[in-house]
$ cat data_14.txt   # compact mmCIF, C-alpha atoms
# COMPACT_ATOMS: atom_id res chain seq x y z
CA MET A 1 -26.98 -42.55 15.79
CA ILE A 2 -24.40 -41.62 13.21
CA ALA A 3 -23.31 -45.21 12.95
CA ALA A 4 -26.90 -46.33 12.41
CA THR A 5 -27.48 -44.28 9.27
CA PRO A 6 -24.03 -43.77 7.83
CA ASP A 7 -24.95 -42.82 4.28
CA ARG A 8 -28.11 -40.85 5.01
CA LEU A 9 -26.27 -38.27 7.08
CA SER A 10 -24.56 -35.59 5.10
CA LEU A 11 -21.55 -33.75 6.35
CA GLY A 12 -23.76 -30.69 6.69
CA GLU A 13 -26.05 -32.47 9.10
CA ILE A 14 -23.12 -33.60 11.17
CA LEU A 15 -21.85 -30.06 11.28
CA GLU A 16 -25.28 -28.52 11.70
CA ASP A 17 -24.60 -27.05 15.10
CA SER A 18 -21.01 -26.14 14.32
CA ASP A 19 -19.67 -23.58 11.90
CA ALA A 20 -20.57 -25.25 8.64
CA ARG A 21 -20.58 -22.95 5.65
CA GLU A 22 -21.55 -23.55 2.08
CA VAL A 23 -18.68 -23.07 -0.27
CA ARG A 24 -18.26 -23.46 -3.97
CA PRO A 25 -16.18 -26.49 -4.89
CA ARG A 26 -12.65 -25.61 -5.90
CA PRO A 27 -11.92 -26.07 -9.59
CA ARG A 28 -10.09 -29.32 -10.26
CA PRO A 29 -6.74 -29.06 -12.00
CA GLY A 30 -8.32 -30.01 -15.33
CA GLN A 31 -11.12 -27.47 -15.03
CA ARG A 32 -8.89 -24.58 -13.99
CA ARG A 33 -8.46 -22.06 -16.73
CA LYS A 34 -4.88 -21.53 -17.64
CA GLU A 35 -3.64 -18.04 -17.00
CA SER A 36 -1.91 -16.52 -19.97
CA ARG A 37 1.75 -15.63 -19.66
CA LEU A 38 0.97 -11.93 -20.09
CA ARG A 39 -1.66 -11.99 -17.33
CA GLN A 40 0.83 -13.71 -15.06
CA LEU A 41 3.39 -11.01 -15.74
CA LEU A 42 0.85 -8.25 -15.17
CA ARG A 43 -0.40 -9.55 -11.83
CA PRO A 44 -0.21 -6.63 -9.45
CA GLU A 45 0.44 -8.61 -6.29
CA PRO A 46 4.22 -9.16 -6.72
CA VAL A 47 4.64 -5.45 -7.49
CA PHE A 48 2.75 -4.35 -4.38
CA TRP A 49 4.50 -6.94 -2.27
CA GLY A 50 7.87 -5.67 -3.47
CA LEU A 51 6.87 -2.09 -2.68
CA PHE A 52 5.61 -3.26 0.74
CA SER A 53 8.93 -4.94 1.44
CA MET A 54 10.97 -1.93 0.31
CA GLY A 55 8.71 0.29 2.39
CA GLY A 56 9.28 -1.85 5.46
CA PHE A 57 13.02 -1.61 4.92
CA VAL A 58 12.95 2.16 4.46
CA SER A 59 10.63 2.60 7.45
CA ALA A 60 13.00 0.59 9.61
CA MET A 61 16.26 2.10 8.37
CA ALA A 62 15.63 5.78 7.70
CA LEU A 63 12.37 6.82 9.36
CA PRO A 64 13.25 6.61 13.09
CA ALA A 65 16.17 9.02 12.64
CA SER A 66 14.07 11.31 10.42
CA VAL A 67 11.20 11.56 12.88
CA ALA A 68 13.67 11.99 15.74
CA ILE A 69 15.17 15.04 14.00
CA ILE A 70 12.14 16.58 12.26
CA GLY A 71 9.47 15.67 14.78
CA ILE A 72 11.26 15.79 18.14
CA ALA A 73 14.73 17.38 18.05
CA PHE A 74 13.69 20.33 15.88
CA ALA A 75 10.59 21.04 17.98
CA ALA A 76 12.69 20.83 21.16
CA GLY A 77 15.17 23.29 19.66
CA TRP A 78 18.24 21.04 19.68
CA PRO A 79 19.58 21.44 16.13
CA PRO A 80 20.88 24.93 15.23
CA ASP A 81 18.17 27.23 13.78
CA ARG A 82 20.15 27.48 10.55
CA ALA A 83 19.54 23.76 9.89
CA PHE A 84 15.82 24.26 9.20
CA SER A 85 16.02 27.72 7.62
CA TYR A 86 13.99 28.12 4.44
CA GLU A 87 17.10 28.91 2.37
CA ARG A 88 19.00 25.79 3.41
CA VAL A 89 16.09 23.34 3.17
CA SER A 90 14.81 24.63 -0.18
CA SER A 91 18.30 24.58 -1.70
CA LEU A 92 18.79 21.03 -0.38
CA ALA A 93 15.43 19.93 -1.81
CA GLN A 94 16.34 21.28 -5.25
CA ASN A 95 19.02 18.62 -5.63
CA PRO A 96 17.66 15.85 -7.90
CA ILE A 97 19.21 13.12 -5.74
CA ALA A 98 17.65 14.65 -2.63
CA LYS A 99 14.30 14.74 -4.47
CA LEU A 100 14.58 11.06 -5.28
CA LEU A 101 15.46 10.21 -1.67
CA LEU A 102 12.56 12.31 -0.38
CA LEU A 103 10.19 10.59 -2.80
CA GLY A 104 11.31 7.21 -1.46
CA LEU A 105 10.95 8.43 2.11
CA VAL A 106 7.36 9.59 1.47
CA SER A 107 6.12 6.96 -0.94
CA LEU A 108 7.57 3.61 0.14
CA PRO A 109 6.29 3.68 3.76
CA LEU A 110 2.85 4.45 2.34
CA PHE A 111 2.96 1.31 0.19
CA HIS A 112 4.14 -0.56 3.29
CA TRP A 113 1.13 0.79 5.17
CA ALA A 114 -1.24 0.05 2.30
CA HIS A 115 -0.32 -3.64 2.24
CA ARG A 116 -0.42 -4.16 5.98
CA PHE A 117 -3.57 -2.11 6.48
CA ARG A 118 -5.30 -3.95 3.67
CA TYR A 119 -4.87 -7.25 5.48
CA ALA A 120 -5.52 -5.70 8.92
CA VAL A 121 -8.97 -4.65 7.65
CA HIS A 122 -9.76 -8.29 6.91
CA HIS A 123 -7.89 -10.03 9.70
CA GLN A 124 -7.99 -7.65 12.65
CA LEU A 125 -11.05 -5.52 11.96
CA GLY A 126 -13.00 -8.57 10.85
CA VAL A 127 -14.29 -7.32 7.51
CA HIS A 128 -14.95 -10.37 5.37
CA GLY A 129 -15.46 -9.90 1.71
CA MET A 130 -15.00 -6.58 -0.09
CA ARG A 131 -11.46 -7.66 -0.82
CA ARG A 132 -11.18 -5.76 -4.07
CA PRO A 133 -12.61 -2.41 -2.84
CA VAL A 134 -10.34 -2.54 0.22
CA ALA A 135 -7.29 -3.29 -1.92
CA VAL A 136 -8.15 -0.51 -4.35
CA ALA A 137 -8.69 1.97 -1.50
CA CYS A 138 -5.41 1.09 0.26
CA TYR A 139 -3.10 0.85 -2.74
CA GLY A 140 -4.97 3.74 -4.37
CA THR A 141 -4.20 5.99 -1.40
CA ALA A 142 -0.51 5.11 -1.65
CA ILE A 143 -0.48 5.69 -5.43
CA ALA A 144 -2.33 9.01 -5.09
CA CYS A 145 0.06 10.25 -2.38
CA THR A 146 3.02 9.20 -4.52
CA ALA A 147 1.62 11.16 -7.46
CA LEU A 148 1.09 14.15 -5.16
CA ALA A 149 4.67 13.86 -3.87
CA VAL A 150 6.04 13.76 -7.44
CA TRP A 151 4.02 16.85 -8.34
CA ILE A 152 5.18 18.73 -5.23
CA LEU A 153 8.83 17.73 -5.72
CA LEU A 154 8.76 18.86 -9.34
CA ARG A 155 7.45 22.26 -8.24
CA ILE A 156 10.13 22.90 -5.59
CA MET B 157 -19.93 -35.23 -19.03
CA ARG B 158 -21.60 -33.46 -16.14
CA THR B 159 -24.10 -30.86 -17.18
CA GLU B 160 -25.63 -29.72 -13.88
CA ALA B 161 -24.04 -26.86 -11.99
CA PRO B 162 -21.32 -27.90 -9.54
CA ARG B 163 -23.00 -28.80 -6.26
CA ARG B 164 -22.32 -26.57 -3.29
CA TYR B 165 -21.32 -28.53 -0.24
CA PRO B 166 -20.72 -27.62 3.38
CA VAL B 167 -17.24 -27.65 4.81
CA TYR B 168 -16.04 -27.01 8.31
CA VAL B 169 -14.74 -23.48 8.60
CA PRO B 170 -13.67 -22.64 12.12
CA LYS B 171 -15.36 -19.46 13.26
CA VAL B 172 -12.74 -17.01 14.45
CA PRO B 173 -13.91 -14.16 16.65
CA THR B 174 -12.97 -10.69 15.45
CA THR B 175 -10.95 -10.14 18.62
CA TRP B 176 -8.73 -13.21 18.11
CA TRP B 177 -5.63 -11.00 18.08
CA VAL B 178 -6.12 -9.67 21.64
CA ARG B 179 -6.26 -13.13 23.14
CA THR B 180 -2.63 -14.08 23.62
CA ALA B 181 0.58 -12.12 23.98
CA PRO B 182 2.13 -13.32 20.69
CA PHE B 183 -1.05 -12.35 18.83
CA ARG B 184 -1.01 -8.94 20.52
CA ARG B 185 2.62 -8.43 19.55
CA PHE B 186 1.77 -9.43 15.99
CA ALA B 187 -1.11 -6.93 15.88
CA ALA B 188 1.11 -4.23 17.38
CA ARG B 189 3.74 -4.92 14.73
CA GLU B 190 1.17 -4.66 11.96
CA PHE B 191 -0.23 -1.47 13.50
CA THR B 192 3.17 0.30 13.41
CA ALA B 193 2.60 0.68 9.65
CA VAL B 194 -0.10 3.26 10.46
CA PHE B 195 2.52 5.38 12.23
CA ALA B 196 4.96 5.02 9.35
CA ALA B 197 2.22 6.27 7.03
CA ALA B 198 1.44 9.12 9.45
CA PHE B 199 5.05 10.29 9.29
CA SER B 200 5.00 10.02 5.49
CA ALA B 201 1.92 12.25 5.51
CA ILE B 202 3.71 14.78 7.76
CA LEU B 203 6.69 14.71 5.41
CA LEU B 204 4.36 15.24 2.45
CA LEU B 205 2.84 18.29 4.18
CA PHE B 206 6.37 19.51 4.95
CA LEU B 207 7.27 19.34 1.25
CA LEU B 208 3.96 20.93 0.25
CA ALA B 209 4.64 23.84 2.61
CA LEU B 210 8.20 24.10 1.27
CA SER B 211 6.96 24.27 -2.32
CA ARG B 212 4.52 27.08 -1.42
CA GLY B 213 7.20 29.53 -0.34
CA GLN B 214 8.86 30.85 2.78
CA GLU B 215 5.71 31.98 4.59
CA ALA B 216 3.93 28.64 4.26
CA TYR B 217 7.14 26.83 5.26
CA GLU B 218 7.58 28.87 8.43
CA GLY B 219 3.91 28.38 9.27
CA PHE B 220 4.43 24.64 8.99
CA LEU B 221 7.46 24.80 11.29
CA ARG B 222 5.32 26.62 13.88
CA TRP B 223 2.71 23.83 13.58
CA LEU B 224 5.52 21.30 14.04
CA ARG B 225 6.40 22.96 17.34
CA LEU B 226 2.91 22.63 18.86
CA PRO B 227 3.00 20.43 21.98
CA ALA B 228 0.31 18.09 20.59
CA VAL B 229 2.37 17.55 17.43
CA ILE B 230 5.48 16.80 19.51
CA VAL B 231 3.50 14.18 21.44
CA VAL B 232 2.30 12.63 18.16
CA SER B 233 5.88 12.63 16.83
CA SER B 234 7.13 10.91 19.98
CA VAL B 235 4.49 8.19 19.63
CA ILE B 236 5.45 7.77 15.96
CA PHE B 237 9.12 7.54 16.99
CA VAL B 238 8.47 4.76 19.51
CA ALA B 239 6.26 2.87 17.03
CA LEU B 240 8.93 3.13 14.33
CA LEU B 241 11.62 1.84 16.68
CA TYR B 242 9.37 -1.15 17.42
CA HIS B 243 8.84 -1.59 13.70
CA ALA B 244 12.61 -1.48 13.09
CA VAL B 245 13.36 -4.13 15.72
CA THR B 246 10.60 -6.48 14.54
CA TRP B 247 11.49 -5.89 10.89
CA PHE B 248 15.13 -6.82 11.43
CA ARG B 249 14.10 -9.93 13.36
CA LEU B 250 11.73 -11.12 10.66
CA THR B 251 14.23 -10.27 7.93
CA ALA B 252 16.74 -12.52 9.69
CA HIS B 253 14.14 -15.30 9.71
CA ILE B 254 13.23 -14.89 6.04
CA GLN B 255 16.62 -14.17 4.55
CA VAL B 256 18.97 -17.04 5.27
CA VAL B 257 22.54 -15.90 4.67
CA ARG B 258 25.03 -18.57 3.64
CA LEU B 259 28.73 -18.04 3.90
CA GLY B 260 31.13 -20.70 2.64
CA GLY B 261 28.67 -23.56 3.09
CA ASN B 262 27.62 -22.46 6.57
CA VAL B 263 24.45 -20.65 7.53
CA VAL B 264 25.17 -17.38 9.26
CA PRO B 265 23.37 -17.44 12.64
CA ARG B 266 20.33 -15.19 12.94
CA ARG B 267 21.88 -13.16 15.73
CA ALA B 268 24.73 -12.20 13.40
CA VAL B 269 22.27 -11.18 10.66
CA VAL B 270 20.29 -9.06 13.14
CA GLY B 271 23.58 -7.59 14.37
CA ALA B 272 24.63 -6.68 10.83
CA LEU B 273 21.24 -5.08 10.20
CA LEU B 274 21.48 -3.10 13.45
CA GLY B 275 24.98 -1.97 12.46
CA THR B 276 23.62 -0.81 9.09
CA TRP B 277 20.79 0.91 10.94
CA VAL B 278 23.27 2.87 13.10
CA VAL B 279 25.23 3.95 9.99
CA VAL B 280 22.10 4.93 8.02
CA SER B 281 20.61 6.79 11.00
CA SER B 282 23.85 8.75 11.53
CA LEU B 283 23.85 9.58 7.82
CA VAL B 284 20.23 10.79 7.99
CA VAL B 285 21.00 12.96 11.02
CA TYR B 286 24.09 14.36 9.32
CA LEU B 287 22.19 15.13 6.10
CA LEU B 288 19.31 16.78 7.92
CA VAL B 289 21.33 18.89 10.36
CA TRP B 290 24.86 19.57 9.14
CA PHE B 291 25.18 18.73 5.45
$ encode --input "data_14.txt" --output "structure tokens"
Amino acid sequence: MIAATPDRLSLGEILEDSDAREVRPRPRPGQRRKESRLRQLLRPEPVFWGLFSMGGFVSAMALPASVAIIGIAFAAGWPPDRAFSYERVSSLAQNPIAKLLLLGLVSLPLFHWAHRFRYAVHHQLGVHGMRRPVAVACYGTAIACTALAVWILLRI
Amino acid sequence: MRTEAPRRYPVYVPKVPTTWWVRTAPFRRFAAREFTAVFAAAFSAILLLFLLALSRGQEAYEGFLRWLRLPAVIVVSSVIFVALLYHAVTWFRLTAHIQVVRLGGNVVPRRAVVGALLGTWVVVSSLVVYLLVWF
């Protein structure tokens, strides 16, 4: 049947019972608007990808030991009580280098989460579309928590 | 020059079910790896609350430590710990795949790169434990 009317049958008709979707044609190279150099530099994606990558590294390197001490060993009573006394911890946290490390420990894993969760919403949870609101919500959460961490660390 | 609007045309887009990632073991491992990020963020949130309590004085800090000792919180921490270990292993493996290390014209085998990363992990973890407990 297809062979009988080769030019009457559109691709859509062939695909009628399959998963055909209407899409906008992609812009041809000539039609594509050139992105200005400044816009290219200001694209947020490389920044967020870099933060995601750093966050993955920090999460892998420093977080397992941190959660083992703070979350498990301390609660089980293994480290000496002195280690988590208010005096020791607050004097440690007043060190500017310690503040910077703590900021990295709080903020970078959140950017790691933001990037992965953003794509999990589309790929695993099956939400199609709403790409910008999802991105704003995910990265916005990470940015807001970073701002909160900076504010808290400055007050300690 | 064409004046009419560009014509929309149908293309074949394979329909992927939402549950594609539970179908095969590699997909499940991939989804599990992606999901570990939620636990990393959960620990970051706990750490943020820790710092918030610390900044609000001794009473708030000691209240937070009591919360940290609740059995439910210990269970959550243990789950986070396991998830983060899984994240660490998968992260080192994928780093070794992405970052090709060349040494004198030869490519360093992936096992060696993973080994170096694990060695660094042991050093960094010891340093974290030392800083948190004895420093």
$ interface_residues --input "data_14.txt" --of "chain B" --to "chain A" --cutoff "8 Å" --atoms "all atoms listed in the file" --output "VMD selection string"
chain B and resid 162 to 171 174 to 177 187 190 to 191 193 to 194 196 to 197 199 to 201 203 to 204 207 to 208 210 to 211 214 217 to 218 224 to 226 229 to 230 233 to 234 236 to 237 240 to 241 243 to 245 247 to 248 276 to 277 280 to 282 284 to 285 288 to 290
$ atom_distance --input "data_14.txt" --atom1 "CA of Gly140 in chain A" --atom2 "CA of Pro44 in chain A"
12.5 Å
$ atom_distance --input "data_14.txt" --atom1 "CA of Lys34 in chain A" --atom2 "CA of Pro46 in chain A"
18.8 Å
$ atom_distance --input "data_14.txt" --atom1 "CA of Pro173 in chain B" --atom2 "CA of Cys138 in chain A"
23.9 Å
$ closest_residue --input "data_14.txt" --among "A:Val121, A:Leu38, A:His128, A:Leu101" --to "Leu287 in chain B" --atoms "only C-alpha atoms"
A:Leu101
$ build_atoms --input "data_14.txt" --residues "range 242-277 of chain B" --atoms "N, CA and C atoms" --output "tab-separated table (two decimals), keeping the file's coordinate frame"
chain	number	residue	atom	x	y	z
B	242	TYR	N	9.91	0.21	17.29
B	242	TYR	CA	9.37	-1.15	17.42
B	242	TYR	C	9.31	-1.82	16.06
B	243	HIS	N	8.88	-1.05	15.06
B	243	HIS	CA	8.84	-1.59	13.70
B	243	HIS	C	10.24	-2.03	13.26
B	244	ALA	N	11.25	-1.16	13.53
B	244	ALA	CA	12.61	-1.48	13.09
B	244	ALA	C	13.09	-2.79	13.71
B	245	VAL	N	12.89	-2.91	15.03
B	245	VAL	CA	13.36	-4.13	15.72
B	245	VAL	C	12.67	-5.36	15.15
B	246	THR	N	11.32	-5.31	15.03
B	246	THR	CA	10.60	-6.48	14.54
B	246	THR	C	10.95	-6.76	13.08
B	247	TRP	N	11.17	-5.70	12.30
B	247	TRP	CA	11.49	-5.89	10.89
B	247	TRP	C	12.83	-6.60	10.73
B	248	PHE	N	13.82	-6.18	11.53
B	248	PHE	CA	15.13	-6.82	11.43
B	248	PHE	C	15.04	-8.28	11.86
B	249	ARG	N	14.24	-8.55	12.90
B	249	ARG	CA	14.10	-9.93	13.36
B	249	ARG	C	13.45	-10.79	12.29
B	250	LEU	N	12.39	-10.27	11.67
B	250	LEU	CA	11.73	-11.12	10.66
B	250	LEU	C	12.56	-11.22	9.39
B	251	THR	N	13.33	-10.16	9.08
B	251	THR	CA	14.23	-10.27	7.93
B	251	THR	C	15.25	-11.39	8.16
B	252	ALA	N	15.76	-11.47	9.39
B	252	ALA	CA	16.74	-12.52	9.69
B	252	ALA	C	16.11	-13.90	9.59
B	253	HIS	N	14.80	-14.00	9.84
B	253	HIS	CA	14.14	-15.30	9.71
B	253	HIS	C	13.90	-15.64	8.25
B	254	ILE	N	13.57	-14.62	7.44
B	254	ILE	CA	13.23	-14.89	6.04
B	254	ILE	C	14.49	-15.08	5.22
B	255	GLN	N	15.43	-14.15	5.39
B	255	GLN	CA	16.62	-14.17	4.55
B	255	GLN	C	17.72	-14.99	5.23
B	256	VAL	N	17.91	-16.20	4.73
B	256	VAL	CA	18.97	-17.04	5.27
B	256	VAL	C	20.26	-16.70	4.53
B	257	VAL	N	21.27	-16.28	5.28
B	257	VAL	CA	22.54	-15.90	4.67
B	257	VAL	C	23.51	-17.07	4.78
B	258	ARG	N	24.04	-17.48	3.63
B	258	ARG	CA	25.03	-18.57	3.64
B	258	ARG	C	26.39	-18.00	3.35
B	259	LEU	N	27.37	-18.53	4.07
B	259	LEU	CA	28.73	-18.04	3.90
B	259	LEU	C	29.65	-19.26	3.90
B	260	GLY	N	30.20	-19.57	2.72
B	260	GLY	CA	31.13	-20.70	2.64
B	260	GLY	C	30.54	-22.00	3.14
B	261	GLY	N	29.28	-22.30	2.72
B	261	GLY	CA	28.67	-23.56	3.09
B	261	GLY	C	28.02	-23.56	4.46
B	262	ASN	N	28.25	-22.52	5.26
B	262	ASN	CA	27.62	-22.46	6.57
B	262	ASN	C	26.51	-21.42	6.55
B	263	VAL	N	25.51	-21.64	7.39
B	263	VAL	CA	24.45	-20.65	7.53
B	263	VAL	C	24.86	-19.68	8.63
B	264	VAL	N	24.84	-18.41	8.27
B	264	VAL	CA	25.17	-17.38	9.26
B	264	VAL	C	24.07	-17.35	10.31
B	265	PRO	N	24.42	-17.43	11.61
B	265	PRO	CA	23.37	-17.44	12.64
B	265	PRO	C	22.55	-16.16	12.60
B	266	ARG	N	21.26	-16.31	13.01
B	266	ARG	CA	20.33	-15.19	12.94
B	266	ARG	C	20.81	-13.99	13.73
B	267	ARG	N	21.42	-14.27	14.89
B	267	ARG	CA	21.88	-13.16	15.73
B	267	ARG	C	22.87	-12.29	14.96
B	268	ALA	N	23.74	-12.96	14.17
B	268	ALA	CA	24.73	-12.20	13.40
B	268	ALA	C	24.05	-11.36	12.33
B	269	VAL	N	23.00	-11.93	11.69
B	269	VAL	CA	22.27	-11.18	10.66
B	269	VAL	C	21.60	-9.97	11.30
B	270	VAL	N	20.94	-10.18	12.44
B	270	VAL	CA	20.29	-9.06	13.14
B	270	VAL	C	21.34	-8.03	13.53
B	271	GLY	N	22.50	-8.50	13.99
B	271	GLY	CA	23.58	-7.59	14.37
B	271	GLY	C	24.03	-6.75	13.19
B	272	ALA	N	24.19	-7.41	12.03
B	272	ALA	CA	24.63	-6.68	10.83
B	272	ALA	C	23.59	-5.63	10.45
B	273	LEU	N	22.30	-6.03	10.55
B	273	LEU	CA	21.24	-5.08	10.20
B	273	LEU	C	21.23	-3.90	11.17
B	274	LEU	N	21.45	-4.19	12.47
B	274	LEU	CA	21.48	-3.10	13.45
B	274	LEU	C	22.67	-2.18	13.19
B	275	GLY	N	23.82	-2.79	12.80
B	275	GLY	CA	24.98	-1.97	12.46
B	275	GLY	C	24.67	-1.05	11.29
B	276	THR	N	24.03	-1.62	10.25
B	276	THR	CA	23.62	-0.81	9.09
B	276	THR	C	22.67	0.29	9.54
B	277	TRP	N	21.77	-0.06	10.46
B	277	TRP	CA	20.79	0.91	10.94
B	277	TRP	C	21.50	2.09	11.60
